[in-house]
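Asker: My structure is stored as my_file.txt, with compact mmCIF, C-alpha atoms.
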```txt
# COMPACT_ATOMS: atom_id res chain seq x y z
CA VAL A 1 -24.84 2.14 8.12
CA TYR A 2 -22.78 0.18 5.60
CA LEU A 3 -20.50 3.15 4.95
CA GLU A 4 -20.06 3.87 8.65
CA GLY A 5 -18.80 0.33 9.17
CA ASN A 6 -16.63 0.17 6.07
CA PHE A 7 -15.28 3.67 5.38
CA ARG A 8 -11.71 2.47 5.95
CA LYS A 9 -11.97 0.25 2.88
CA ASP A 10 -11.60 1.32 -0.74
CA ILE A 11 -15.29 1.70 -1.62
CA THR A 12 -16.42 2.43 -5.15
CA LEU A 13 -19.77 3.64 -6.40
CA LYS A 14 -19.93 0.59 -8.66
CA GLU A 15 -19.44 -1.74 -5.68
CA LEU A 16 -22.14 0.09 -3.71
CA SER A 17 -24.59 -0.01 -6.60
CA ILE A 18 -24.10 -3.77 -6.95
CA ARG A 19 -24.40 -4.32 -3.20
CA PHE A 20 -27.62 -2.30 -2.99
CA HIS A 21 -29.11 -3.43 -6.31
CA SER A 22 -29.28 0.01 -7.85
CA SER A 23 -27.72 1.90 -10.72
CA PRO A 24 -24.81 4.17 -9.76
CA SER A 25 -26.67 7.30 -10.86
CA HIS A 26 -29.84 6.37 -8.95
CA LEU A 27 -27.87 5.50 -5.83
CA SER A 28 -25.95 8.79 -6.01
CA ARG A 29 -29.13 10.80 -6.49
CA ILE A 30 -30.98 9.13 -3.60
CA PHE A 31 -27.98 9.36 -1.27
CA ASN A 32 -27.43 13.03 -2.02
CA LYS A 33 -31.12 13.77 -1.51
CA ARG A 34 -31.24 12.00 1.88
CA ILE A 35 -27.83 12.89 3.30
CA GLY A 36 -27.21 16.21 1.58
CA MET A 37 -23.80 15.36 0.19
CA SER A 38 -22.23 12.99 -2.29
CA ILE A 39 -21.18 9.49 -1.31
CA VAL A 40 -17.51 10.43 -1.75
CA ASP A 41 -17.90 13.51 0.46
CA TYR A 42 -19.68 11.43 3.10
CA ILE A 43 -16.92 8.80 3.13
CA ASN A 44 -14.34 11.55 3.47
CA HIS A 45 -16.37 13.09 6.30
CA LEU A 46 -16.37 9.75 8.14
CA ARG A 47 -12.63 9.37 7.60
CA VAL A 48 -11.83 12.88 8.82
CA ASP A 49 -14.05 12.36 11.86
CA ALA A 50 -12.21 9.12 12.69
CA ALA A 51 -8.89 10.88 12.13
CA CYS A 52 -9.89 13.59 14.61
CA LYS A 53 -10.59 10.97 17.25
CA LEU A 54 -7.20 9.35 16.64
CA LEU A 55 -5.43 12.71 16.74
CA ARG A 56 -7.00 13.34 20.14
CA THR A 57 -6.40 9.88 21.62
CA THR A 58 -3.13 8.59 20.14
CA ASP A 59 0.40 9.74 19.46
CA TRP A 60 0.34 8.24 15.97
CA THR A 61 1.77 10.33 13.18
CA ALA A 62 -0.61 11.98 10.76
CA SER A 63 0.60 9.51 8.11
CA GLN A 64 -0.24 6.54 10.32
CA ILE A 65 -3.67 7.97 11.02
CA ALA A 66 -4.31 8.69 7.33
CA SER A 67 -3.51 5.11 6.48
CA ASP A 68 -5.62 3.73 9.33
CA VAL A 69 -8.75 5.66 8.31
CA GLY A 70 -8.52 4.60 4.68
CA TYR A 71 -6.44 7.12 2.79
CA GLU A 72 -3.88 5.60 0.46
CA GLU A 73 -2.42 8.98 -0.50
CA ILE A 74 -1.19 11.05 2.44
CA PRO A 75 -1.31 14.42 0.61
CA TYR A 76 -4.97 13.79 -0.25
CA PHE A 77 -5.70 13.15 3.43
CA PHE A 78 -4.10 16.47 4.37
CA ARG A 79 -6.14 18.33 1.70
CA ARG A 80 -9.43 16.72 2.71
CA PHE A 81 -8.78 17.29 6.41
CA LYS A 82 -7.97 20.95 5.86
CA ARG A 83 -10.96 21.42 3.54
CA GLU A 84 -13.31 19.97 6.14
CA LEU A 85 -11.91 21.57 9.31
CA ARG A 86 -10.00 24.60 8.01
CA THR A 87 -6.89 23.43 9.84
CA SER A 88 -4.20 20.83 9.34
CA PRO A 89 -4.17 17.56 11.30
CA LEU A 90 -1.11 18.69 13.26
CA GLU A 91 -2.66 22.08 14.09
CA TYR A 92 -5.83 20.27 15.15
CA ARG A 93 -3.88 18.03 17.53
CA LYS A 94 -1.90 20.95 18.91
CA ALA A 95 -5.05 23.01 19.54
CA PHE A 96 -6.80 20.07 21.19
CA ARG A 97 -3.89 19.37 23.53
CA SER A 98 -3.31 22.95 24.62
```
Show the structure stored in the file as structure tokens.

Answerer:
Amino acid sequence: VYLEGNFRKDITLKELSIRFHSSPSHLSRIFNKRIGMSIVDYINHLRVDAACKLLRTTDWTASQIASDVGYEEIPYFFRRFKRELRTSPLEYRKAFRS
């Protein structure tokens, strides 16, 4: 729940372990066991999902969307988006609108 409400922020494993009174390795292990992916992958999943919604509902540029969902580096956003959906953000928007 915390990650879903804060994925736009720069979240570190150290910050999460302090917040939830756990060691980073223990927190990572428990998270991966329950969710089935790493914390970093889950945050990226949340960001890509939010980006998809913005691509469908706004005319913002991909760079504006990347920034809004928490990516500081635009090329990293494009790589993560394509890795998760097997298409670029612009191709996603184009396919959704046609």

Asker: Emit as JSON the padded axis-aligned box for all listed atoms of region 8-26 of chain A, 8 Å per side, with centre and edge lengths in Å to one decimal.

Answerer:
```
{"center_x": -20.7, "center_y": 1.5, "center_z": -2.5, "size_x": 34.2, "size_y": 27.6, "size_z": 32.8}
```

Asker: Mind running region 10-51 of chain A against region 61-73 of chain A at 8 Å and telling me each contacting residue's nearest atom pair with the distance in Å (one decimal), counting all atoms listed in the file, chain and number ascending, as a Markdown table?

Answerer:
```
| residue | atom | partner | partner_atom | distance |
| --- | --- | --- | --- | --- |
| A:Asp10 | CA | A:Gly70 | CA | 7.0 |
| A:Arg47 | CA | A:Val69 | CA | 5.4 |
| A:Val48 | CA | A:Val69 | CA | 7.9 |
| A:Ala50 | CA | A:Val69 | CA | 6.6 |
| A:Ala51 | CA | A:Ile65 | CA | 6.1 |
```

Asker: Mind giving me the straight-line distance from CA of Phe81 (chain A) to CA of Asn44 (chain A) in Å, one decimal?

Answerer: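 We find that CA of Phe81 (chain A) and CA of Asn44 (chain A) lie 8.5 Å from each other.
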
Asker: Go through A:Cys52, A:Trp60, A:Lys33, A:His26 one by one, measure the shortest atom-to-atom distance of each to Ser88 (chain A) using all atoms listed in the file, and give the residue with the smallest value.

Answerer: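 Nearest to Ser88 (chain A): A:Cys52.
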
Asker: Could you jot down the CA of Arg86 (chain A) to CA of Ser28 (chain A) separation for me, Å, one decimal place?

Answerer: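 Interatomic distance, CA of Arg86 (chain A) to CA of Ser28 (chain A): 26.5 Å.
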
Asker: Excluding His45 (chain A) and its own-chain neighbours fewer than 5 positions away, which residues fall within 12 Å of it when counting all atoms listed in the file? Please give them as a list of chain:residue names.

Answerer: A:Leu3, A:Glu4, A:Phe7, A:Arg8, A:Ile35, A:Met37, A:Ser38, A:Ile39, A:Val40, A:Ala50, A:Ala51, A:Cys52, A:Val69, A:Gly70, A:Phe77, A:Arg80, A:Phe81, A:Lys82, A:Arg83, A:Glu84, A:Leu85

Asker: What is the distance between CA of Thr87 (chain A) and CA of Asn32 (chain A), in Å to one decimal?

Answerer: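 CA of Asn32 (chain A) lies at a distance of 25.9 Å from CA of Thr87 (chain A).
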
Asker: Compare A:Tyr2, A:Phe96, A:Pro89, A:Tyr42 by their minimum atom-to-atom distance to Pro75 (chain A), counting only C-alpha atoms, and give me the closest one.

Answerer: A:Pro89

Asker: Restricting the calculation to only C-alpha atoms, which member of A:Leu13, A:Asp59, A:Ile18, A:Asp49 is positioned closest to Phe31 (chain A)?

Answerer: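 So, comparing all the options, the nearest one is A:Leu13.
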